[in-house]
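Asks: Please find data.pdb (PDB, C-alpha atoms) on the next line:
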ATOM      1  CA  MET A   1      42.378  -8.045   5.024
ATOM      2  CA  SER A   2      41.056 -11.570   4.526
ATOM      3  CA  ASP A   3      42.807 -12.648   7.719
ATOM      4  CA  ASN A   4      40.965  -9.983   9.641
ATOM      5  CA  GLU A   5      37.636 -11.054   8.180
ATOM      6  CA  GLY A   6      38.292 -14.645   9.151
ATOM      7  CA  ALA A   7      39.078 -13.554  12.684
ATOM      8  CA  PHE A   8      35.917 -11.481  12.827
ATOM      9  CA  PHE A   9      33.678 -14.374  11.845
ATOM     10  CA  TYR A  10      35.421 -16.653  14.323
ATOM     11  CA  VAL A  11      34.819 -14.213  17.151
ATOM     12  CA  SER A  12      31.236 -13.609  16.142
ATOM     13  CA  GLU A  13      30.349 -17.234  16.801
ATOM     14  CA  THR A  14      30.668 -16.684  20.520
ATOM     15  CA  PRO A  15      27.326 -15.664  22.039
ATOM     16  CA  HIS A  16      28.499 -12.359  23.480
ATOM     17  CA  ALA A  17      29.777 -11.048  20.172
ATOM     18  CA  GLU A  18      26.484 -11.583  18.331
ATOM     19  CA  HIS A  19      25.745  -8.328  16.659
ATOM     20  CA  VAL A  20      22.126  -7.241  16.516
ATOM     21  CA  ASP A  21      21.160  -4.143  14.574
ATOM     22  CA  ARG A  22      17.394  -3.768  14.536
ATOM     23  CA  GLU A  23      17.575  -0.264  13.155
ATOM     24  CA  GLY A  24      19.548  -1.616  10.202
ATOM     25  CA  ASP A  25      16.959  -4.366   9.738
ATOM     26  CA  ARG A  26      14.178  -1.819   9.519
ATOM     27  CA  LEU A  27      16.228   0.409   7.219
ATOM     28  CA  ALA A  28      16.727  -2.527   4.841
ATOM     29  CA  MET A  29      12.961  -3.020   4.729
ATOM     30  CA  TRP A  30      12.437   0.666   3.986
ATOM     31  CA  LEU A  31      14.937   0.474   1.116
ATOM     32  CA  PHE A  32      12.941  -2.416  -0.338
ATOM     33  CA  LEU A  33       9.739  -0.410   0.093
ATOM     34  CA  PHE A  34      11.273   2.442  -1.929
ATOM     35  CA  THR A  35      11.639   0.034  -4.857
ATOM     36  CA  GLU A  36       7.960  -0.847  -4.419
ATOM     37  CA  ILE A  37       7.056   2.857  -4.486
ATOM     38  CA  LEU A  38       8.970   3.288  -7.737
ATOM     39  CA  LEU A  39       7.460   0.094  -9.234
ATOM     40  CA  PHE A  40       3.911   1.289  -8.636
ATOM     41  CA  GLY A  41       5.027   4.869  -9.319
ATOM     42  CA  ALA A  42       5.780   3.933 -12.928
ATOM     43  CA  LEU A  43       2.240   2.581 -13.294
ATOM     44  CA  PHE A  44       0.774   5.697 -11.677
ATOM     45  CA  LEU A  45       2.799   7.730 -14.177
ATOM     46  CA  ALA A  46       1.344   5.716 -17.070
ATOM     47  CA  TYR A  47      -2.134   6.266 -15.612
ATOM     48  CA  SER A  48      -1.664  10.037 -15.333
ATOM     49  CA  VAL A  49      -0.248  10.385 -18.865
ATOM     50  CA  TYR A  50      -3.095   8.387 -20.436
ATOM     51  CA  ARG A  51      -5.622  10.188 -18.275
ATOM     52  CA  THR A  52      -4.569  13.531 -19.766
ATOM     53  CA  GLN A  53      -4.789  12.007 -23.232
ATOM     54  CA  TYR A  54      -8.165  10.260 -22.814
ATOM     55  CA  ILE A  55      -9.820  12.300 -20.088
ATOM     56  CA  ASP A  56     -13.410  11.675 -21.297
ATOM     57  CA  ASP A  57     -12.929   7.934 -21.777
ATOM     58  CA  PHE A  58     -11.292   7.630 -18.350
ATOM     59  CA  GLU A  59     -14.158   9.414 -16.631
ATOM     60  CA  GLU A  60     -16.726   7.329 -18.507
ATOM     61  CA  ALA A  61     -14.988   4.030 -17.670
ATOM     62  CA  ALA A  62     -14.376   5.028 -14.029
ATOM     63  CA  SER A  63     -18.077   5.732 -13.565
ATOM     64  CA  HIS A  64     -18.748   2.052 -14.353
ATOM     65  CA  LEU A  65     -16.636   0.865 -11.408
ATOM     66  CA  ASN A  66     -18.607   0.215  -8.238
ATOM     67  CA  THR A  67     -17.734   2.925  -5.687
ATOM     68  CA  THR A  68     -19.372   1.039  -2.803
ATOM     69  CA  VAL A  69     -17.245  -2.041  -3.434
ATOM     70  CA  GLY A  70     -14.113   0.118  -3.641
ATOM     71  CA  THR A  71     -14.997   1.905  -0.388
ATOM     72  CA  VAL A  72     -15.650  -1.344   1.472
ATOM     73  CA  ASN A  73     -12.304  -2.707   0.276
ATOM     74  CA  THR A  74     -10.573   0.497   1.403
ATOM     75  CA  LEU A  75     -12.049   0.156   4.890
ATOM     76  CA  ILE A  76     -11.075  -3.528   5.042
ATOM     77  CA  LEU A  77      -7.445  -2.714   4.204
ATOM     78  CA  LEU A  78      -7.367   0.151   6.722
ATOM     79  CA  LEU A  79      -8.734  -2.189   9.393
ATOM     80  CA  SER A  80      -6.088  -4.787   8.558
ATOM     81  CA  SER A  81      -3.387  -2.117   8.901
ATOM     82  CA  LEU A  82      -4.734  -1.261  12.351
ATOM     83  CA  THR A  83      -4.735  -4.910  13.454
ATOM     84  CA  VAL A  84      -1.064  -5.253  12.434
ATOM     85  CA  VAL A  85      -0.133  -2.220  14.566
ATOM     86  CA  VAL A  86      -2.216  -3.519  17.491
ATOM     87  CA  SER A  87      -0.488  -6.883  17.109
ATOM     88  CA  ILE A  88       2.937  -5.224  17.461
ATOM     89  CA  VAL A  89       1.794  -3.310  20.559
ATOM     90  CA  ALA A  90       0.352  -6.532  22.021
ATOM     91  CA  ILE A  91       3.644  -8.390  21.531
ATOM     92  CA  ARG A  92       5.610  -5.576  23.146
ATOM     93  CA  LYS A  93       3.229  -5.644  26.097
ATOM     94  CA  GLY A  94       3.679  -9.425  26.317
ATOM     95  CA  ASN A  95       0.115 -10.265  25.267
ATOM     96  CA  LYS A  96       0.856 -13.145  22.899
ATOM     97  CA  MET A  97      -2.705 -14.360  22.372
ATOM     98  CA  LEU A  98      -3.992 -10.900  21.434
ATOM     99  CA  ALA A  99      -1.141 -10.598  18.926
ATOM    100  CA  VAL A 100      -2.072 -13.955  17.365
ATOM    101  CA  ALA A 101      -5.756 -12.970  17.258
ATOM    102  CA  MET A 102      -4.829  -9.705  15.502
ATOM    103  CA  MET A 103      -2.707 -11.639  12.975
ATOM    104  CA  PHE A 104      -5.718 -13.879  12.325
ATOM    105  CA  ILE A 105      -7.981 -10.860  11.707
ATOM    106  CA  THR A 106      -5.350  -9.372   9.382
ATOM    107  CA  ILE A 107      -5.236 -12.530   7.272
ATOM    108  CA  VAL A 108      -9.059 -12.707   7.217
ATOM    109  CA  CYS A 109      -9.172  -9.050   6.077
ATOM    110  CA  GLY A 110      -6.696  -9.840   3.283
ATOM    111  CA  ALA A 111      -8.858 -12.786   2.207
ATOM    112  CA  ALA A 112     -12.033 -10.671   2.321
ATOM    113  CA  PHE A 113     -10.327  -8.010   0.201
ATOM    114  CA  LEU A 114      -9.333 -10.595  -2.412
ATOM    115  CA  ILE A 115     -12.769 -12.248  -2.471
ATOM    116  CA  ILE A 116     -14.498  -8.891  -3.014
ATOM    117  CA  LYS A 117     -11.913  -8.004  -5.669
ATOM    118  CA  SER A 118     -12.467 -11.319  -7.466
ATOM    119  CA  PHE A 119     -16.244 -10.745  -7.564
ATOM    120  CA  GLU A 120     -15.600  -7.290  -8.972
ATOM    121  CA  TRP A 121     -13.359  -8.708 -11.694
ATOM    122  CA  LYS A 122     -15.822 -11.498 -12.403
ATOM    123  CA  GLU A 123     -18.587  -8.936 -12.944
ATOM    124  CA  LYS A 124     -16.372  -7.089 -15.439
ATOM    125  CA  PHE A 125     -15.539 -10.364 -17.196
ATOM    126  CA  ALA A 126     -19.258 -11.141 -17.463
ATOM    127  CA  HIS A 127     -19.700  -7.851 -19.302
ATOM    128  CA  GLY A 128     -17.000  -8.801 -21.767
ATOM    129  CA  ILE A 129     -14.363  -6.567 -20.214
ATOM    130  CA  GLN A 130     -11.476  -8.981 -19.929
ATOM    131  CA  LEU A 131      -7.733  -9.135 -19.995
ATOM    132  CA  SER A 132      -7.744  -9.694 -23.752
ATOM    133  CA  LEU A 133      -9.261  -7.642 -26.564
ATOM    134  CA  LYS A 134     -10.305 -10.764 -28.456
ATOM    135  CA  THR A 135     -13.112 -12.052 -26.277
ATOM    136  CA  THR A 136     -16.122 -14.091 -27.161
ATOM    137  CA  VAL A 137     -19.128 -13.356 -24.985
ATOM    138  CA  ASP A 138     -22.815 -14.191 -25.194
ATOM    139  CA  ALA A 139     -24.880 -11.908 -27.383
ATOM    140  CA  GLY A 140     -26.240 -10.131 -24.303
ATOM    141  CA  GLY A 141     -22.961  -8.478 -23.419
ATOM    142  CA  ALA A 142     -21.715  -8.137 -26.961
ATOM    143  CA  SER A 143     -21.935  -4.350 -27.055
ATOM    144  CA  GLU A 144     -19.602  -4.061 -24.089
ATOM    145  CA  ILE A 145     -16.839  -6.324 -25.356
ATOM    146  CA  LEU A 146     -13.626  -4.540 -24.501
ATOM    147  CA  GLY A 147     -12.454  -4.499 -28.110
ATOM    148  CA  ASN A 148     -15.564  -2.506 -29.083
ATOM    149  CA  LEU A 149     -15.019   0.196 -26.476
ATOM    150  CA  PRO A 150     -13.266   3.477 -27.334
ATOM    151  CA  HIS A 151      -9.491   3.212 -27.207
ATOM    152  CA  GLY A 152      -9.203   5.330 -24.066
ATOM    153  CA  GLN A 153     -11.494   2.979 -22.141
ATOM    154  CA  GLN A 154      -9.457  -0.010 -23.296
ATOM    155  CA  VAL A 155      -6.373   1.703 -21.892
ATOM    156  CA  PHE A 156      -8.247   2.471 -18.653
ATOM    157  CA  TYR A 157      -9.292  -1.138 -18.131
ATOM    158  CA  GLY A 158      -5.828  -2.369 -19.106
ATOM    159  CA  LEU A 159      -4.262  -0.190 -16.424
ATOM    160  CA  TYR A 160      -7.034  -1.109 -13.988
ATOM    161  CA  PHE A 161      -6.397  -4.832 -14.337
ATOM    162  CA  VAL A 162      -2.608  -4.490 -14.210
ATOM    163  CA  MET A 163      -2.512  -2.146 -11.216
ATOM    164  CA  THR A 164      -5.202  -3.815  -9.105
ATOM    165  CA  GLY A 165      -3.823  -7.200 -10.180
ATOM    166  CA  LEU A 166      -0.279  -6.355  -9.100
ATOM    167  CA  HIS A 167      -1.694  -4.927  -5.890
ATOM    168  CA  ALA A 168      -3.730  -8.104  -5.258
ATOM    169  CA  LEU A 169      -0.555 -10.135  -5.827
ATOM    170  CA  HIS A 170       1.081  -8.115  -3.053
ATOM    171  CA  VAL A 171      -1.889  -8.834  -0.773
ATOM    172  CA  ILE A 172      -1.515 -12.584  -1.447
ATOM    173  CA  VAL A 173       2.225 -12.451  -0.657
ATOM    174  CA  GLY A 174       1.471 -10.451   2.506
ATOM    175  CA  MET A 175      -1.050 -13.044   3.699
ATOM    176  CA  ILE A 176       1.471 -15.862   3.210
ATOM    177  CA  ILE A 177       4.125 -13.962   5.189
ATOM    178  CA  PHE A 178       1.627 -13.166   7.954
ATOM    179  CA  ALA A 179       0.794 -16.873   8.216
ATOM    180  CA  ILE A 180       4.524 -17.572   8.736
ATOM    181  CA  VAL A 181       4.775 -14.683  11.219
ATOM    182  CA  THR A 182       1.870 -16.137  13.218
ATOM    183  CA  VAL A 183       3.770 -19.426  13.538
ATOM    184  CA  LEU A 184       6.879 -17.496  14.632
ATOM    185  CA  ILE A 185       4.845 -15.720  17.332
ATOM    186  CA  PHE A 186       3.631 -19.107  18.579
ATOM    187  CA  LYS A 187       7.219 -20.365  18.669
ATOM    188  CA  ASP A 188       8.357 -17.235  20.541
ATOM    189  CA  VAL A 189      10.845 -16.398  17.786
ATOM    190  CA  ILE A 190       8.974 -13.098  17.692
ATOM    191  CA  ASN A 191       8.748 -12.048  21.315
ATOM    192  CA  LYS A 192       8.533  -9.094  23.645
ATOM    193  CA  LYS A 193      12.188  -8.204  23.135
ATOM    194  CA  ASP A 194      12.470  -8.835  19.417
ATOM    195  CA  VAL A 195       9.555  -7.871  17.179
ATOM    196  CA  VAL A 196      11.525  -6.817  14.107
ATOM    197  CA  ILE A 197      10.160  -9.595  11.849
ATOM    198  CA  LEU A 198       6.610  -8.567  12.679
ATOM    199  CA  GLU A 199       7.518  -4.872  12.371
ATOM    200  CA  ASN A 200       9.037  -5.364   8.916
ATOM    201  CA  THR A 201       6.121  -7.478   7.694
ATOM    202  CA  GLY A 202       3.880  -4.720   9.020
ATOM    203  CA  LEU A 203       5.854  -2.104   7.067
ATOM    204  CA  TYR A 204       5.305  -4.130   3.894
ATOM    205  CA  TRP A 205       1.585  -4.476   4.626
ATOM    206  CA  HIS A 206       1.256  -0.738   5.253
ATOM    207  CA  ILE A 207       2.885   0.122   1.913
ATOM    208  CA  VAL A 208       0.370  -2.208   0.213
ATOM    209  CA  ASP A 209      -2.379  -0.295   2.057
ATOM    210  CA  LEU A 210      -0.753   2.990   1.088
ATOM    211  CA  ILE A 211      -0.761   2.076  -2.612
ATOM    212  CA  TRP A 212      -4.451   1.217  -2.354
ATOM    213  CA  ILE A 213      -5.087   4.633  -0.746
ATOM    214  CA  PHE A 214      -4.014   6.169  -4.076
ATOM    215  CA  LEU A 215      -5.531   3.505  -6.355
ATOM    216  CA  PHE A 216      -8.972   3.900  -4.779
ATOM    217  CA  PRO A 217      -9.717   7.564  -5.674
ATOM    218  CA  LEU A 218      -8.026   7.290  -9.085
ATOM    219  CA  TYR A 219     -10.164   4.366 -10.234
ATOM    220  CA  TYR A 220     -13.364   4.546  -8.204
ATOM    221  CA  LEU A 221     -13.959   8.194  -7.320
ATOM    222  CA  ILE A 222     -12.712  10.549 -10.014
ATOM    223  CA  GLY A 223     -15.134  10.063 -12.833
TER     224      GLY A 223
ATOM    225  CA  MET B   1      23.787   8.373  19.631
ATOM    226  CA  SER B   2      22.788   4.795  18.954
ATOM    227  CA  ASP B   3      22.585   3.922  22.644
ATOM    228  CA  HIS B   4      20.569   7.005  23.300
ATOM    229  CA  HIS B   5      18.100   5.938  20.610
ATOM    230  CA  GLU B   6      17.763   2.438  22.065
ATOM    231  CA  VAL B   7      16.867   3.937  25.430
ATOM    232  CA  GLU B   8      14.447   6.308  23.781
ATOM    233  CA  GLU B   9      12.798   3.473  21.889
ATOM    234  CA  GLN B  10      12.203   1.552  25.100
ATOM    235  CA  HIS B  11      10.868   4.658  26.793
ATOM    236  CA  HIS B  12       8.323   5.098  24.008
ATOM    237  CA  GLU B  13       5.588   3.139  25.736
ATOM    238  CA  PRO B  14       3.461   1.284  23.143
ATOM    239  CA  THR B  15      -0.234   2.047  23.481
ATOM    240  CA  TYR B  16      -3.417   0.839  21.800
ATOM    241  CA  GLY B  17      -4.989   4.309  21.868
ATOM    242  CA  THR B  18      -2.886   6.108  19.245
ATOM    243  CA  PRO B  19      -3.320   3.502  16.460
ATOM    244  CA  ILE B  20      -7.079   3.390  17.045
ATOM    245  CA  ILE B  21      -7.348   7.195  16.833
ATOM    246  CA  VAL B  22      -5.236   7.191  13.652
ATOM    247  CA  PHE B  23      -7.470   4.452  12.209
ATOM    248  CA  LEU B  24     -10.605   6.503  12.959
ATOM    249  CA  GLY B  25      -8.950   9.489  11.258
ATOM    250  CA  LEU B  26      -8.249   7.341   8.183
ATOM    251  CA  VAL B  27     -11.887   6.157   8.104
ATOM    252  CA  ALA B  28     -13.059   9.775   8.413
ATOM    253  CA  PHE B  29     -10.819  10.834   5.498
ATOM    254  CA  THR B  30     -12.205   7.932   3.436
ATOM    255  CA  CYS B  31     -15.769   9.080   4.129
ATOM    256  CA  ILE B  32     -14.842  12.666   3.225
ATOM    257  CA  THR B  33     -13.224  11.683  -0.066
ATOM    258  CA  VAL B  34     -16.183   9.445  -1.042
ATOM    259  CA  ALA B  35     -18.696  12.168  -0.123
ATOM    260  CA  SER B  36     -16.735  14.831  -1.996
ATOM    261  CA  SER B  37     -16.775  12.758  -5.203
ATOM    262  CA  SER B  38     -20.535  13.441  -5.535
ATOM    263  CA  LEU B  39     -20.128  17.201  -5.148
ATOM    264  CA  ASN B  40     -20.021  17.947  -8.903
ATOM    265  CA  LEU B  41     -16.705  19.756  -8.632
ATOM    266  CA  THR B  42     -14.782  20.710 -11.755
ATOM    267  CA  ARG B  43     -12.465  18.090 -13.242
ATOM    268  CA  SER B  44      -9.221  19.462 -11.899
ATOM    269  CA  ALA B  45     -10.728  20.411  -8.533
ATOM    270  CA  SER B  46     -12.013  16.878  -7.889
ATOM    271  CA  VAL B  47      -8.651  15.352  -8.873
ATOM    272  CA  ILE B  48      -6.726  17.774  -6.668
ATOM    273  CA  LEU B  49      -9.066  17.274  -3.696
ATOM    274  CA  ALA B  50      -8.921  13.476  -4.004
ATOM    275  CA  MET B  51      -5.112  13.525  -4.219
ATOM    276  CA  VAL B  52      -4.753  15.932  -1.285
ATOM    277  CA  ILE B  53      -6.925  13.681   0.904
ATOM    278  CA  ALA B  54      -5.056  10.566  -0.284
ATOM    279  CA  THR B  55      -1.733  12.246   0.549
ATOM    280  CA  MET B  56      -2.974  13.124   4.042
ATOM    281  CA  LYS B  57      -4.093   9.526   4.573
ATOM    282  CA  ALA B  58      -0.720   8.283   3.299
ATOM    283  CA  SER B  59       1.062  10.641   5.709
ATOM    284  CA  LEU B  60      -0.913   9.264   8.655
ATOM    285  CA  VAL B  61      -0.024   5.695   7.642
ATOM    286  CA  LEU B  62       3.661   6.559   7.170
ATOM    287  CA  TYR B  63       4.042   8.640  10.309
ATOM    288  CA  PHE B  64       2.115   6.544  12.837
ATOM    289  CA  PHE B  65       1.438   3.043  11.458
ATOM    290  CA  MET B  66       4.889   2.744   9.860
ATOM    291  CA  HIS B  67       6.491   4.315  12.945
ATOM    292  CA  LEU B  68       8.326   7.006  11.017
ATOM    293  CA  LYS B  69       7.590   9.232  14.008
ATOM    294  CA  TYR B  70       9.875   7.110  16.195
ATOM    295  CA  GLU B  71      12.676   6.551  13.670
ATOM    296  CA  LYS B  72      15.824   8.635  13.396
ATOM    297  CA  PRO B  73      15.678  11.685  11.093
ATOM    298  CA  TYR B  74      17.678  10.012   8.312
ATOM    299  CA  PHE B  75      14.767   7.590   7.697
ATOM    300  CA  LYS B  76      12.670  10.615   6.838
ATOM    301  CA  VAL B  77      15.443  11.997   4.618
ATOM    302  CA  PHE B  78      15.588   8.669   2.739
ATOM    303  CA  LEU B  79      11.823   8.639   2.229
ATOM    304  CA  PHE B  80      11.955  12.242   1.077
ATOM    305  CA  ILE B  81      14.597  11.331  -1.529
ATOM    306  CA  ALA B  82      12.474   8.400  -2.784
ATOM    307  CA  VAL B  83       9.371  10.585  -3.097
ATOM    308  CA  LEU B  84      11.436  13.385  -4.653
ATOM    309  CA  THR B  85      12.800  10.952  -7.261
ATOM    310  CA  LEU B  86       9.271   9.909  -8.190
ATOM    311  CA  SER B  87       8.137  13.556  -8.318
ATOM    312  CA  VAL B  88      11.019  14.465 -10.617
ATOM    313  CA  VAL B  89      10.045  11.625 -12.984
ATOM    314  CA  PHE B  90       6.453  12.891 -13.002
ATOM    315  CA  MET B  91       7.559  16.490 -13.471
ATOM    316  CA  TRP B  92       9.905  15.658 -16.306
ATOM    317  CA  THR B  93       7.255  13.619 -18.080
ATOM    318  CA  PHE B  94       4.731  16.421 -17.909
ATOM    319  CA  LEU B  95       7.285  19.007 -18.983
ATOM    320  CA  ASP B  96       7.798  16.979 -22.127
ATOM    321  CA  TYR B  97       4.627  15.070 -22.924
ATOM    322  CA  PRO B  98       2.074  17.896 -23.429
ATOM    323  CA  PHE B  99       4.325  19.479 -26.065
ATOM    324  CA  ARG B 100       4.648  16.428 -28.273
ATOM    325  CA  LEU B 101       3.453  16.999 -31.833
ATOM    326  CA  TYR B 102       1.143  13.967 -31.974
ATOM    327  CA  ASN B 103      -1.083  15.470 -29.302
TER     328      ASN B 103
END
Once more with this new file: its structure as structure tokens, please.

Replies:
Amino acid sequence: MSDNEGAFFYVSETPHAEHVDREGDRLAMWLFLFTEILLFGALFLAYSVYRTQYIDDFEEAASHLNTTVGTVNTLILLLSSLTVVVSIVAIRKGNKMLAVAMMFITIVCGAAFLIIKSFEWKEKFAHGIQLSLKTTVDAGGASEILGNLPHGQQVFYGLYFVMTGLHALHVIVGMIIFAIVTVLIFKDVINKKDVVILENTGLYWHIVDLIWIFLFPLYYLIG
Amino acid sequence: MSDHHEVEEQHHEPTYGTPIIVFLGLVAFTCITVASSSLNLTRSASVILAMVIATMKASLVLYFFMHLKYEKPYFKVFLFIAVLTLSVVFMWTFLDYPFRLYN
């Protein structure tokens, strides 16, 4: 058995025997995405259980989140998903510069999303709603210190920070990978005949968008 | 089978039109879901409507943006199993949780 394996690897070093399985590459990415679905799925489960328990508190807390900001961020992520798809089409049509431009817009969209998100968080922090229950805030915001809110609202904001935080972390990772992908497009590693790296990065980016599609109504709309 | 798929994949001519139409559909769904949130629906109705729209948006992303349309059927089967697993976890939780004594 081991002899056969050795022979296989020896043969595979010759150029003609190089085995390329792009379908397998994409399948591997999908399998990873399933773990992402289950990771966020657990948090969505926690959200739905606590929502049934603290329905009034959840609706009250959700009404304090800025719907306009959430909508703008939704549109930004949708746009960035489009630019990734357009980038793939551009590469396959041999239009390298358009693909690079689309990558650039995608990264800018990711940055815009994070900047808006950070302002949103900062506004919550200013009102004493922070990651910890033991916060010290100026007298002005004292009544809204998270520890003073009803328990259900504390749970809501806890889940809000964890879920949007984990999501934002995924956006940051996606932006870093897109920066690398842009370099690979420049170097023609990603080219007309082989776009799988870009395709797989795109798949990851779309799942991040997809998670936001569910986060948005649950936190910003229902309330 | 595999060769056939490779040929098929090359024959699927990539276009800019489809993604742009899908994007406009996603924007439209976003507008609908935002507008519907100010309709003063009942609690469960607003949750159900928001989740139905979100699921439709997710389907568009999966089918077109994530190219599920052009993948072999077993990709769809795999996704179905992943979603089914998550649904079973949700179902089980809600079969148990509402009947706990401390509620």

Asks: Would you list the contacts of Ala54 in chain B as JSON, numbers by chain, taking every protein, DNA or RNA residue within 9 Å and counting all atoms listed in the file, but skipping same-chain residues closer than 5 positions in sequence?

Replies: {"A": [210, 213, 214, 216, 217], "B": [29, 30, 33, 49, 59]}

Asks: Could you give me, as a PyMOL selection string, the residues within 9 Å of Leu33 in chain A, counting only C-alpha atoms and dropping anything in the same chain fewer than 5 positions from it?

Replies: chain A and resi 28+38+203-204+207

Asks: Run the PyMOL selection byres ((chain B) within 6 of (chain A)) against the file shown and list the residues it catches, as a PDB file with C-alpha atoms, in the frame of the given file.

Replies:
ATOM      1  CA  PRO B  14       3.461   1.284  23.143  1.00  0.00           C
ATOM      2  CA  SER B  37     -16.775  12.758  -5.203  1.00  0.00           C
ATOM      3  CA  ALA B  54      -5.056  10.566  -0.284  1.00  0.00           C
ATOM      4  CA  ALA B  58      -0.720   8.283   3.299  1.00  0.00           C
ATOM      5  CA  MET B  66       4.889   2.744   9.860  1.00  0.00           C
TER       6      MET B  66
END

Asks: To one decimal place, how far is CA of Asn73 in chain A from CA of Pro19 in chain B in Å?

Replies: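 Separation between CA of Asn73 in chain A and CA of Pro19 in chain B: 19.5 Å.
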
Asks: Report, as AutoDock Vina command-line options, the centre and edge lengths in Å (one decimal) of the axis-aligned box enclosing every listed atom of range 29-43 of chain A, padded by 3 Å on each side.

Replies:
--center_x 8.6 --center_y 0.9 --center_z -4.3 --size_x 18.7 --size_y 13.9 --size_z 24.0

Asks: Quick one: of B:Leu60, B:Ala82, B:Val52, B:Leu39, who's nearest to Val27 in chain B, counting all atoms listed in the file?

Replies: B:Leu60

Asks: Enter the distance from CA of Val171 in chain A to CA of Leu114 in chain A, in Å, rounded to one decimal.

Replies: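 According to the coordinates, CA of Val171 in chain A and CA of Leu114 in chain A are separated by 7.8 Å.
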
Asks: Distance CA of His64 in chain A-CA of Tyr219 in chain A, one decimal place?

Replies: 9.8 Å

Asks: Between A:Phe156, A:Val69, A:Phe104, A:Ala62, single out the one closest to Ile116 in chain A, counting only C-alpha atoms.

Replies: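 For Ile116 in chain A, the nearest of the given residues is A:Val69.
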
Asks: Evaluate the PyMOL selection byres ((chain A and resi 157) around 12) against this structure - the residues, as a PDB file with C-alpha atoms, in the frame of the given file, please.

Replies:
ATOM      1  CA  TYR A  47      -2.134   6.266 -15.612  1.00  0.00           C
ATOM      2  CA  TYR A  50      -3.095   8.387 -20.436  1.00  0.00           C
ATOM      3  CA  ARG A  51      -5.622  10.188 -18.275  1.00  0.00           C
ATOM      4  CA  ASP A  57     -12.929   7.934 -21.777  1.00  0.00           C
ATOM      5  CA  PHE A  58     -11.292   7.630 -18.350  1.00  0.00           C
ATOM      6  CA  GLU A  59     -14.158   9.414 -16.631  1.00  0.00           C
ATOM      7  CA  GLU A  60     -16.726   7.329 -18.507  1.00  0.00           C
ATOM      8  CA  ALA A  61     -14.988   4.030 -17.670  1.00  0.00           C
ATOM      9  CA  ALA A  62     -14.376   5.028 -14.029  1.00  0.00           C
ATOM     10  CA  HIS A  64     -18.748   2.052 -14.353  1.00  0.00           C
ATOM     11  CA  LEU A  65     -16.636   0.865 -11.408  1.00  0.00           C
ATOM     12  CA  TRP A 121     -13.359  -8.708 -11.694  1.00  0.00           C
ATOM     13  CA  LYS A 124     -16.372  -7.089 -15.439  1.00  0.00           C
ATOM     14  CA  PHE A 125     -15.539 -10.364 -17.196  1.00  0.00           C
ATOM     15  CA  GLY A 128     -17.000  -8.801 -21.767  1.00  0.00           C
ATOM     16  CA  ILE A 129     -14.363  -6.567 -20.214  1.00  0.00           C
ATOM     17  CA  GLN A 130     -11.476  -8.981 -19.929  1.00  0.00           C
ATOM     18  CA  LEU A 131      -7.733  -9.135 -19.995  1.00  0.00           C
ATOM     19  CA  SER A 132      -7.744  -9.694 -23.752  1.00  0.00           C
ATOM     20  CA  LEU A 133      -9.261  -7.642 -26.564  1.00  0.00           C
ATOM     21  CA  ILE A 145     -16.839  -6.324 -25.356  1.00  0.00           C
ATOM     22  CA  LEU A 146     -13.626  -4.540 -24.501  1.00  0.00           C
ATOM     23  CA  GLY A 147     -12.454  -4.499 -28.110  1.00  0.00           C
ATOM     24  CA  LEU A 149     -15.019   0.196 -26.476  1.00  0.00           C
ATOM     25  CA  PRO A 150     -13.266   3.477 -27.334  1.00  0.00           C
ATOM     26  CA  HIS A 151      -9.491   3.212 -27.207  1.00  0.00           C
ATOM     27  CA  GLY A 152      -9.203   5.330 -24.066  1.00  0.00           C
ATOM     28  CA  GLN A 153     -11.494   2.979 -22.141  1.00  0.00           C
ATOM     29  CA  GLN A 154      -9.457  -0.010 -23.296  1.00  0.00           C
ATOM     30  CA  VAL A 155      -6.373   1.703 -21.892  1.00  0.00           C
ATOM     31  CA  PHE A 156      -8.247   2.471 -18.653  1.00  0.00           C
ATOM     32  CA  GLY A 158      -5.828  -2.369 -19.106  1.00  0.00           C
ATOM     33  CA  LEU A 159      -4.262  -0.190 -16.424  1.00  0.00           C
ATOM     34  CA  TYR A 160      -7.034  -1.109 -13.988  1.00  0.00           C
ATOM     35  CA  PHE A 161      -6.397  -4.832 -14.337  1.00  0.00           C
ATOM     36  CA  VAL A 162      -2.608  -4.490 -14.210  1.00  0.00           C
ATOM     37  CA  MET A 163      -2.512  -2.146 -11.216  1.00  0.00           C
ATOM     38  CA  THR A 164      -5.202  -3.815  -9.105  1.00  0.00           C
ATOM     39  CA  GLY A 165      -3.823  -7.200 -10.180  1.00  0.00           C
ATOM     40  CA  TYR A 219     -10.164   4.366 -10.234  1.00  0.00           C
TER      41      TYR A 219
END

Asks: Given the choices B:Thr85, B:Phe64, B:Leu79, B:Ser44, which gets closest to Gly17 in chain B if the distance is worked out from all atoms listed in the file?

Replies: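 Among B:Thr85, B:Phe64, B:Leu79, B:Ser44, it is B:Phe64 that comes nearest to Gly17 in chain B.
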
Asks: Out of B:His67, B:Asn40, B:Thr55, B:Ala45, which residue has the shortest atom-to-atom distance to Thr18 in chain B when counting all atoms listed in the file?

Replies: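 Of the candidates, the smallest distance to Thr18 in chain B is held by B:His67.
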
Asks: Pick out the closest residue to Ile176 in chain A from this set: A:Val195, A:Val72, A:Val108, A:Met97. Count only C-alpha atoms.

Replies: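 The closest residue to Ile176 in chain A is A:Val108.
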